[in-house]
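Enquirer: Pasting final_0.csv here (CSV, N, CA and C atoms and all ligand atoms):
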```csv
chain,number,residue,atom,x,y,z
A,105,MET,N,32.3,83.4,50.8
A,105,MET,CA,32.5,82.0,51.1
A,105,MET,C,33.8,81.8,51.8
A,106,ALA,N,33.8,81.2,53.0
A,106,ALA,CA,35.0,80.9,53.8
A,106,ALA,C,35.5,79.5,53.5
A,107,TYR,N,36.7,79.4,53.0
A,107,TYR,CA,37.3,78.1,52.7
A,107,TYR,C,38.1,77.7,53.9
A,108,SER,N,38.1,76.4,54.2
A,108,SER,CA,38.9,75.9,55.3
A,108,SER,C,39.9,74.9,54.8
A,109,TYR,N,41.2,75.1,55.0
A,109,TYR,CA,42.3,74.3,54.5
A,109,TYR,C,42.9,73.4,55.6
A,110,ASP,N,43.0,72.2,55.3
A,110,ASP,CA,43.5,71.2,56.3
A,110,ASP,C,45.0,71.1,56.1
A,111,GLU,N,45.8,71.6,57.0
A,111,GLU,CA,47.3,71.6,56.8
A,111,GLU,C,47.9,70.2,56.9
A,112,SER,N,47.1,69.2,57.3
A,112,SER,CA,47.6,67.9,57.5
A,112,SER,C,47.4,67.0,56.3
A,113,ASN,N,46.8,67.6,55.2
A,113,ASN,CA,46.6,66.7,54.0
A,113,ASN,C,47.9,66.3,53.4
A,114,ILE,N,47.9,65.2,52.6
A,114,ILE,CA,49.1,64.6,52.1
A,114,ILE,C,49.9,65.5,51.1
A,115,PHE,N,49.2,66.3,50.4
A,115,PHE,CA,49.9,67.2,49.5
A,115,PHE,C,50.6,68.4,50.2
A,116,ALA,N,50.0,68.8,51.3
A,116,ALA,CA,50.7,69.8,52.2
A,116,ALA,C,52.0,69.2,52.7
A,117,LYS,N,51.9,67.9,53.1
A,117,LYS,CA,53.1,67.2,53.6
A,117,LYS,C,54.2,67.1,52.5
A,118,ILE,N,53.8,66.9,51.3
A,118,ILE,CA,54.7,66.8,50.1
A,118,ILE,C,55.4,68.2,49.9
A,119,ILE,N,54.6,69.2,50.0
A,119,ILE,CA,55.1,70.6,49.8
A,119,ILE,C,56.1,70.9,50.9
A,120,ARG,N,55.8,70.5,52.1
A,120,ARG,CA,56.7,70.7,53.2
A,120,ARG,C,57.9,69.8,53.2
A,121,GLY,N,58.0,68.8,52.3
A,121,GLY,CA,59.1,67.9,52.2
A,121,GLY,C,59.1,66.8,53.2
A,122,GLU,N,57.9,66.6,53.8
A,122,GLU,CA,57.8,65.5,54.9
A,122,GLU,C,57.5,64.1,54.2
A,123,ILE,N,57.1,64.2,53.0
A,123,ILE,CA,56.8,62.9,52.2
A,123,ILE,C,57.5,63.1,50.9
A,124,PRO,N,58.2,62.0,50.4
A,124,PRO,CA,58.9,62.2,49.1
A,124,PRO,C,57.9,62.2,47.9
A,125,ASN,N,58.4,62.7,46.8
A,125,ASN,CA,57.6,62.6,45.6
A,125,ASN,C,58.5,62.5,44.4
A,126,GLN,N,58.0,62.1,43.3
A,126,GLN,CA,58.8,62.0,42.0
A,126,GLN,C,58.5,63.3,41.3
A,127,THR,N,59.3,64.3,41.5
A,127,THR,CA,59.0,65.6,40.9
A,127,THR,C,59.3,65.6,39.4
A,128,VAL,N,58.3,66.1,38.6
A,128,VAL,CA,58.4,66.3,37.2
A,128,VAL,C,58.9,67.7,36.8
A,129,LEU,N,58.4,68.6,37.6
A,129,LEU,CA,58.7,70.0,37.4
A,129,LEU,C,58.4,70.9,38.6
A,130,GLU,N,59.2,71.9,38.8
A,130,GLU,CA,58.9,72.8,39.9
A,130,GLU,C,59.0,74.2,39.5
A,131,THR,N,58.1,75.1,39.9
A,131,THR,CA,58.2,76.5,39.6
A,131,THR,C,58.1,77.3,40.9
A,132,GLU,N,58.1,78.6,40.8
A,132,GLU,CA,58.1,79.4,42.1
A,132,GLU,C,56.8,79.0,42.9
A,133,HIS,N,55.7,78.9,42.2
A,133,HIS,CA,54.4,78.7,43.0
A,133,HIS,C,53.8,77.3,42.8
A,134,CYS,N,54.4,76.4,42.1
A,134,CYS,CA,53.8,75.1,41.8
A,134,CYS,C,54.8,73.9,41.8
A,135,LEU,N,54.2,72.8,42.1
A,135,LEU,CA,55.0,71.5,42.0
A,135,LEU,C,54.2,70.5,41.2
A,136,ALA,N,54.9,69.8,40.3
A,136,ALA,CA,54.3,68.8,39.5
A,136,ALA,C,55.0,67.5,39.8
A,137,PHE,N,54.3,66.4,40.1
A,137,PHE,CA,54.9,65.1,40.4
A,137,PHE,C,54.0,64.0,40.0
A,138,ASN,N,54.6,62.8,39.9
A,138,ASN,CA,53.9,61.6,39.4
A,138,ASN,C,52.9,61.2,40.5
A,139,ASP,N,51.7,60.7,40.0
A,139,ASP,CA,50.7,60.2,40.9
A,139,ASP,C,51.2,58.9,41.4
A,140,ILE,N,50.9,58.6,42.7
A,140,ILE,CA,51.4,57.4,43.4
A,140,ILE,C,50.7,56.1,42.9
A,141,ALA,N,49.5,56.3,42.3
A,141,ALA,CA,48.7,55.2,41.8
A,141,ALA,C,48.2,55.6,40.4
A,142,PRO,N,49.1,55.5,39.4
A,142,PRO,CA,48.8,56.1,38.1
A,142,PRO,C,47.6,55.3,37.4
A,143,GLN,N,46.7,56.1,36.8
A,143,GLN,CA,45.6,55.5,36.1
A,143,GLN,C,45.8,55.5,34.6
A,144,ALA,N,46.9,55.9,34.2
A,144,ALA,CA,47.3,55.9,32.8
A,144,ALA,C,48.8,55.9,32.7
A,145,PRO,N,49.5,55.5,31.6
A,145,PRO,CA,50.9,55.5,31.6
A,145,PRO,C,51.6,56.9,32.0
A,146,VAL,N,50.9,58.0,31.6
A,146,VAL,CA,51.3,59.3,32.1
A,146,VAL,C,50.2,59.7,33.1
A,147,HIS,N,50.6,60.0,34.3
A,147,HIS,CA,49.6,60.5,35.3
A,147,HIS,C,50.4,61.5,36.3
A,148,VAL,N,50.4,62.7,35.9
A,148,VAL,CA,51.1,63.7,36.7
A,148,VAL,C,50.1,64.6,37.4
A,149,LEU,N,50.4,65.0,38.7
A,149,LEU,CA,49.6,66.0,39.4
A,149,LEU,C,50.3,67.3,39.5
A,150,VAL,N,49.6,68.4,39.2
A,150,VAL,CA,50.2,69.7,39.3
A,150,VAL,C,49.4,70.4,40.5
A,151,ILE,N,50.2,70.9,41.4
A,151,ILE,CA,49.6,71.6,42.6
A,151,ILE,C,50.2,73.0,42.8
A,152,PRO,N,49.4,73.9,43.3
A,152,PRO,CA,50.0,75.2,43.7
A,152,PRO,C,50.6,74.9,45.1
A,153,LYS,N,51.7,75.7,45.4
A,153,LYS,CA,52.3,75.5,46.8
A,153,LYS,C,51.4,76.2,47.8
A,154,GLY,N,50.6,77.1,47.4
A,154,GLY,CA,49.7,77.8,48.4
A,154,GLY,C,48.6,76.9,48.9
A,155,PRO,N,48.0,77.3,50.0
A,155,PRO,CA,47.0,76.5,50.7
A,155,PRO,C,45.6,76.7,50.2
A,156,TYR,N,45.3,76.0,49.0
A,156,TYR,CA,44.0,76.1,48.4
A,156,TYR,C,43.3,74.8,48.3
A,157,VAL,N,42.1,74.7,48.7
A,157,VAL,CA,41.3,73.4,48.8
A,157,VAL,C,41.0,72.9,47.4
A,158,ASN,N,40.5,73.7,46.6
A,158,ASN,CA,40.0,73.3,45.3
A,158,ASN,C,40.0,74.4,44.3
A,159,TRP,N,39.5,74.1,43.1
A,159,TRP,CA,39.6,75.1,42.0
A,159,TRP,C,38.9,76.4,42.3
A,160,ASP,N,37.7,76.3,42.9
A,160,ASP,CA,37.0,77.6,43.1
A,160,ASP,C,37.7,78.4,44.2
A,161,HIS,N,38.3,77.8,45.2
A,161,HIS,CA,39.1,78.4,46.2
A,161,HIS,C,40.3,79.1,45.6
A,162,PHE,N,41.0,78.3,44.7
A,162,PHE,CA,42.2,78.8,44.1
A,162,PHE,C,41.9,80.1,43.3
A,163,VAL,N,40.9,80.0,42.4
A,163,VAL,CA,40.6,81.1,41.6
A,163,VAL,C,40.1,82.3,42.4
A,164,ALA,N,39.4,82.1,43.5
A,164,ALA,CA,38.8,83.2,44.3
A,164,ALA,C,39.9,83.9,45.0
A,165,GLU,N,40.9,83.2,45.5
A,165,GLU,CA,41.8,83.8,46.5
A,165,GLU,C,43.3,83.8,46.1
A,166,ALA,N,43.7,83.0,45.1
A,166,ALA,CA,45.1,83.1,44.7
A,166,ALA,C,45.4,84.4,44.0
A,167,SER,N,46.7,84.8,44.0
A,167,SER,CA,47.1,86.0,43.3
A,167,SER,C,47.1,85.7,41.8
A,168,ALA,N,47.0,86.8,41.0
A,168,ALA,CA,47.1,86.6,39.5
A,168,ALA,C,48.4,85.9,39.1
A,169,GLU,N,49.5,86.2,39.9
A,169,GLU,CA,50.8,85.6,39.6
A,169,GLU,C,50.7,84.1,39.9
A,170,GLU,N,50.1,83.7,40.9
A,170,GLU,CA,49.9,82.2,41.2
A,170,GLU,C,49.1,81.5,40.2
A,171,ILE,N,48.0,82.2,39.8
A,171,ILE,CA,47.1,81.6,38.8
A,171,ILE,C,47.8,81.4,37.4
A,172,ALA,N,48.6,82.5,37.1
A,172,ALA,CA,49.3,82.4,35.8
A,172,ALA,C,50.4,81.3,35.9
A,173,ASP,N,51.1,81.2,37.0
A,173,ASP,CA,52.1,80.3,37.2
A,173,ASP,C,51.6,78.8,37.1
A,174,PHE,N,50.4,78.6,37.7
A,174,PHE,CA,49.7,77.3,37.7
A,174,PHE,C,49.4,76.9,36.2
A,175,ALA,N,48.8,77.9,35.5
A,175,ALA,CA,48.5,77.6,34.1
A,175,ALA,C,49.7,77.3,33.3
A,176,ARG,N,50.8,78.1,33.5
A,176,ARG,CA,52.0,77.9,32.7
A,176,ARG,C,52.7,76.6,33.2
A,177,ALA,N,52.7,76.3,34.4
A,177,ALA,CA,53.4,75.1,34.9
A,177,ALA,C,52.7,73.8,34.3
A,178,THR,N,51.4,73.9,34.2
A,178,THR,CA,50.6,72.8,33.7
A,178,THR,C,51.0,72.6,32.2
A,179,ARG,N,51.1,73.7,31.5
A,179,ARG,CA,51.5,73.7,30.1
A,179,ARG,C,53.0,73.2,30.0
A,180,ALA,N,53.8,73.6,30.9
A,180,ALA,CA,55.2,73.2,30.8
A,180,ALA,C,55.4,71.7,31.0
A,181,VAL,N,54.5,71.1,31.9
A,181,VAL,CA,54.6,69.6,32.0
A,181,VAL,C,54.2,69.0,30.7
A,182,ILE,N,53.1,69.5,30.1
A,182,ILE,CA,52.6,68.9,28.8
A,182,ILE,C,53.7,69.0,27.8
A,183,GLU,N,54.4,70.1,27.8
A,183,GLU,CA,55.5,70.3,26.8
A,183,GLU,C,56.7,69.4,27.1
A,184,LYS,N,57.0,69.3,28.4
A,184,LYS,CA,58.2,68.5,28.8
A,184,LYS,C,58.0,67.0,28.4
A,185,LEU,N,56.7,66.6,28.5
A,185,LEU,CA,56.4,65.2,28.2
A,185,LEU,C,56.0,65.0,26.8
A,186,GLY,N,56.1,66.1,26.0
A,186,GLY,CA,55.8,65.9,24.5
A,186,GLY,C,54.4,65.5,24.2
A,187,LEU,N,53.4,66.1,24.9
A,187,LEU,CA,52.1,65.6,24.8
A,187,LEU,C,51.2,66.5,23.9
A,188,GLU,N,51.8,67.7,23.5
A,188,GLU,CA,50.9,68.7,22.8
A,188,GLU,C,50.4,68.1,21.5
A,189,PRO,N,49.1,68.0,21.4
A,189,PRO,CA,48.5,67.4,20.2
A,189,PRO,C,48.8,68.2,18.9
A,190,GLY,N,49.0,69.5,19.0
A,190,GLY,CA,49.3,70.3,17.9
A,190,GLY,C,50.7,70.2,17.4
A,191,SER,N,51.6,69.6,18.2
A,191,SER,CA,53.0,69.5,17.8
A,191,SER,C,53.4,68.0,17.7
A,192,GLY,N,52.4,67.2,17.3
A,192,GLY,CA,52.8,65.7,17.1
A,192,GLY,C,52.6,64.9,18.4
A,193,GLY,N,52.3,65.5,19.5
A,193,GLY,CA,52.1,64.7,20.7
A,193,GLY,C,50.8,64.0,20.7
A,194,GLN,N,50.7,63.1,21.7
A,194,GLN,CA,49.5,62.2,21.8
A,194,GLN,C,48.2,62.9,22.2
A,195,GLY,N,48.4,64.1,22.9
A,195,GLY,CA,47.3,64.7,23.6
A,195,GLY,C,47.2,64.2,25.0
A,196,TYR,N,46.2,64.7,25.7
A,196,TYR,CA,46.2,64.4,27.2
A,196,TYR,C,44.8,64.8,27.7
A,197,ARG,N,44.5,64.4,28.9
A,197,ARG,CA,43.3,64.9,29.6
A,197,ARG,C,43.6,65.6,30.9
A,198,LEU,N,43.0,66.7,31.1
A,198,LEU,CA,43.3,67.6,32.3
A,198,LEU,C,42.0,67.5,33.2
A,199,ILE,N,42.2,67.0,34.4
A,199,ILE,CA,41.0,66.8,35.3
A,199,ILE,C,41.3,67.5,36.6
A,200,MET,N,40.3,68.2,37.1
A,200,MET,CA,40.4,68.9,38.4
A,200,MET,C,39.1,68.4,39.2
A,201,ASN,N,39.2,67.4,40.0
A,201,ASN,CA,38.1,67.0,40.8
A,201,ASN,C,37.9,68.0,42.0
A,202,SER,N,36.6,68.3,42.3
A,202,SER,CA,36.4,69.2,43.4
A,202,SER,C,35.2,68.7,44.2
A,203,GLY,N,35.4,68.5,45.5
A,203,GLY,CA,34.3,68.2,46.4
A,203,GLY,C,33.7,66.9,46.2
A,204,GLU,N,32.5,66.7,46.8
A,204,GLU,CA,31.9,65.4,46.9
A,204,GLU,C,31.5,64.8,45.5
A,205,ALA,N,30.8,65.7,44.7
A,205,ALA,CA,30.3,65.2,43.4
A,205,ALA,C,31.5,64.9,42.5
A,206,GLY,N,32.6,65.7,42.7
A,206,GLY,CA,33.8,65.5,41.8
A,206,GLY,C,34.6,64.3,42.3
A,207,VAL,N,34.3,63.8,43.5
A,207,VAL,CA,35.0,62.7,44.1
A,207,VAL,C,36.5,63.1,44.3
A,208,GLN,N,36.7,64.2,45.0
A,208,GLN,CA,38.0,64.7,45.3
A,208,GLN,C,38.5,64.0,46.6
A,209,GLU,N,39.7,63.3,46.5
A,209,GLU,CA,40.1,62.6,47.7
A,209,GLU,C,41.1,63.5,48.6
A,210,VAL,N,42.0,64.2,47.9
A,210,VAL,CA,43.0,65.0,48.6
A,210,VAL,C,42.5,66.5,48.6
A,211,PRO,N,42.3,67.1,49.8
A,211,PRO,CA,41.7,68.4,49.9
A,211,PRO,C,42.8,69.5,49.7
A,212,HIS,N,43.7,69.4,48.7
A,212,HIS,CA,44.6,70.4,48.3
A,212,HIS,C,44.4,70.5,46.8
A,213,PHE,N,44.1,71.7,46.3
A,213,PHE,CA,43.8,71.8,44.8
A,213,PHE,C,44.9,71.2,44.0
A,214,HIS,N,44.5,70.4,43.0
A,214,HIS,CA,45.4,69.8,42.1
A,214,HIS,C,44.7,69.5,40.7
A,215,ALA,N,45.6,69.5,39.7
A,215,ALA,CA,45.1,69.1,38.4
A,215,ALA,C,45.8,67.8,38.0
A,216,HIS,N,45.0,66.8,37.5
A,216,HIS,CA,45.6,65.6,36.9
A,216,HIS,C,45.9,65.8,35.4
A,217,ILE,N,47.1,65.4,35.0
A,217,ILE,CA,47.4,65.3,33.6
A,217,ILE,C,47.5,63.8,33.2
A,218,LEU,N,46.7,63.4,32.4
A,218,LEU,CA,46.6,61.9,32.0
A,218,LEU,C,46.9,61.7,30.5
A,219,SER,N,47.7,60.8,30.2
A,219,SER,CA,48.0,60.5,28.8
A,219,SER,C,48.8,59.1,28.7
A,220,GLY,N,49.3,58.9,27.5
A,220,GLY,CA,50.1,57.7,27.3
A,220,GLY,C,49.3,56.6,26.6
A,221,ARG,N,48.0,56.7,26.6
A,221,ARG,CA,47.1,55.8,25.8
A,221,ARG,C,45.8,56.6,25.5
A,222,VAL,N,45.0,56.0,24.6
A,222,VAL,CA,43.7,56.6,24.4
A,222,VAL,C,42.9,56.3,25.6
A,223,LEU,N,42.3,57.4,26.2
A,223,LEU,CA,41.8,57.3,27.5
A,223,LEU,C,40.3,56.9,27.5
A,224,GLY,N,39.7,56.8,26.4
A,224,GLY,CA,38.3,56.4,26.4
A,224,GLY,C,37.3,57.5,26.7
A,225,ARG,N,36.1,57.2,26.9
A,225,ARG,CA,35.1,58.2,27.2
A,225,ARG,C,35.5,59.0,28.4
A,226,MET,N,35.0,60.3,28.4
A,226,MET,CA,35.3,61.2,29.6
A,226,MET,C,34.7,60.6,30.8
A,227,LEU,N,33.4,60.1,30.8
A,227,LEU,CA,32.8,59.5,31.9
A,227,LEU,C,32.1,58.3,31.5
A,228,PRO,N,32.1,57.3,32.3
A,228,PRO,CA,31.3,56.0,32.0
A,228,PRO,C,29.8,56.4,31.9
A,229,LYS,N,29.1,55.7,31.1
A,229,LYS,CA,27.6,55.8,31.1
A,229,LYS,C,27.1,55.1,32.3
A,230,ASP,N,26.2,55.8,33.1
A,230,ASP,CA,25.6,55.1,34.2
A,230,ASP,C,24.4,54.4,33.8
B,301,LIG,P1,41.7,63.2,43.7
B,301,LIG,O1,40.8,62.1,43.8
B,301,LIG,O2,41.7,64.0,45.0
B,301,LIG,O3,41.4,64.1,42.5
B,301,LIG,O4,43.1,62.7,43.4
B,301,LIG,C1,44.1,62.5,44.4
B,301,LIG,C2,45.2,61.7,43.7
B,301,LIG,O5,46.3,61.8,44.6
B,301,LIG,C3,44.9,60.3,43.4
B,301,LIG,O6,45.1,60.0,42.0
B,301,LIG,C4,46.0,59.5,44.3
B,301,LIG,O7,46.5,58.4,43.7
B,301,LIG,C5,47.0,60.6,44.5
B,301,LIG,N1,47.8,60.4,45.7
B,301,LIG,C6,47.3,60.2,47.0
B,301,LIG,N2,48.3,60.1,47.9
B,301,LIG,C7,49.4,60.4,47.2
B,301,LIG,C8,50.8,60.5,47.6
B,301,LIG,O8,51.2,60.3,48.8
B,301,LIG,N3,51.7,60.7,46.6
B,301,LIG,C9,51.4,60.9,45.3
B,301,LIG,N4,52.3,61.1,44.5
B,301,LIG,N5,50.1,60.8,44.9
B,301,LIG,C10,49.1,60.6,45.9
```
Show me this structure written as structure tokens.
Expert:
Amino acid sequence: MAYSYDESNIFAKIIRGEIPNQTVLETEHCLAFNDIAPQAPVHVLVIPKGPYVNWDHFVAEASAEEIADFARATRAVIEKLGLEPGSGGQGYRLIMNSGEAGVQEVPHFHAHILSGRVLGRMLPKD
């Protein structure tokens, strides 16, 4: 499978510093920042700095170090915001939209961390 990455996407511009962001956390390989249009009181996006389109691209082609850093950065945001349900936090929802069916708008792989209220059903009933 050949993945094609669009260098002009908005998150690529954020990584290059061309567009400002509200950074929550930064690691060697990842950046976490507040979503510009939050859908819950807590809405943080975690992105790898590398050029990956979506989850399957990331897992197929990122190094083990990048994948571990992404997993740990995501956890570090959860810890920083005090969301861990096992430690008295409220809990959270982790979402990674991919492609058309997933309704992915920005073609740079990202995870949404949502919390701050009870989020309701995972998907609305159609
Ligand atoms: P997707 O639908 O691709 O999973 O989610 C893309 C997310 O990126 C949306 O929640 C949207 O609000 C957010 N977003 C789009 N443009 C910007 C931006 O310029 N800055 C930030 N911080 N978030 C953005």
Enquirer: For Ile114 (chain A), work out the shell of residues within 7 Å, counting all atoms listed in the file and skipping chain neighbours fewer than 5 positions away, then give it as a list in words.
Expert: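 Selected residues are Ile119, Val210 and Pro211 of chain A.
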Enquirer: Given all atoms listed in the file as the basis, pick out the residue of A:Ser167, A:Asn158, A:Thr178, A:Asn125 nearest to ligand LIG 301 (chain B).
Expert: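 Residue with the minimum atom-to-atom distance to ligand LIG 301 (chain B): A:Asn125.
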Enquirer: With all atoms listed in the file counted and 8 Å as the cut-off, give the residues of region 106-175 of chain A in contact with region 202-209 of chain A, each with its shortest interatomic distance in Å and the pair that gives it, as a Markdown table.
Expert:
```
| residue | atom | partner | partner_atom | distance |
| --- | --- | --- | --- | --- |
| A:Val157 | C | A:Ser202 | CA | 7.1 |
| A:Asn158 | CA | A:Ser202 | CA | 5.8 |
| A:Trp159 | N | A:Ser202 | CA | 5.8 |
| A:Asp160 | N | A:Ser202 | CA | 7.2 |
```
Enquirer: Which value, in Å to one decimal, gives the distance between CA of His147 (chain A) and CA of Asp110 (chain A)?
Expert: 24.3 Å
Enquirer: Could you check which of A:Ile123, A:Leu187, A:Ile151, A:Ala168 is closest to ligand LIG 301 (chain B), using all atoms listed in the file?
Expert: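 The shortest atom-to-atom distance to ligand LIG 301 (chain B) comes from A:Ile123.
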Enquirer: Please indicate the distance in Å from CA of Tyr196 (chain A) to atom N of Ile217 (chain A), rounded to one decimal place.
Expert: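 According to the coordinates, CA of Tyr196 (chain A) and atom N of Ile217 (chain A) are separated by 7.9 Å.
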Enquirer: Just list as a ChimeraX atom specification whatever in chain A DSSP marks as strand (DSSP E).
Expert: /A:127-130,134-138,146-152,197-199,215-219
Enquirer: Measure the distance from atom C of Ser191 (chain A) to atom C of Ile140 (chain A) in Å and round it to one decimal.
Expert: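 Interatomic distance, atom C of Ser191 (chain A) to atom C of Ile140 (chain A): 28.0 Å.
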Enquirer: Let me make sure I understand: among A:Ala172, A:Val146, A:Val163, A:Ile199, which one has the smallest atom-to-atom distance to ligand LIG 301 (chain B) if we use all atoms listed in the file?
Expert: A:Ile199
Enquirer: Select, from A:Leu218, A:Pro189, A:Lys229, A:Thr127, the residue with the minimum atom-to-atom distance to Gln143 (chain A), counting only N, CA and C atoms.
Expert: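 Closest candidate: A:Leu218.
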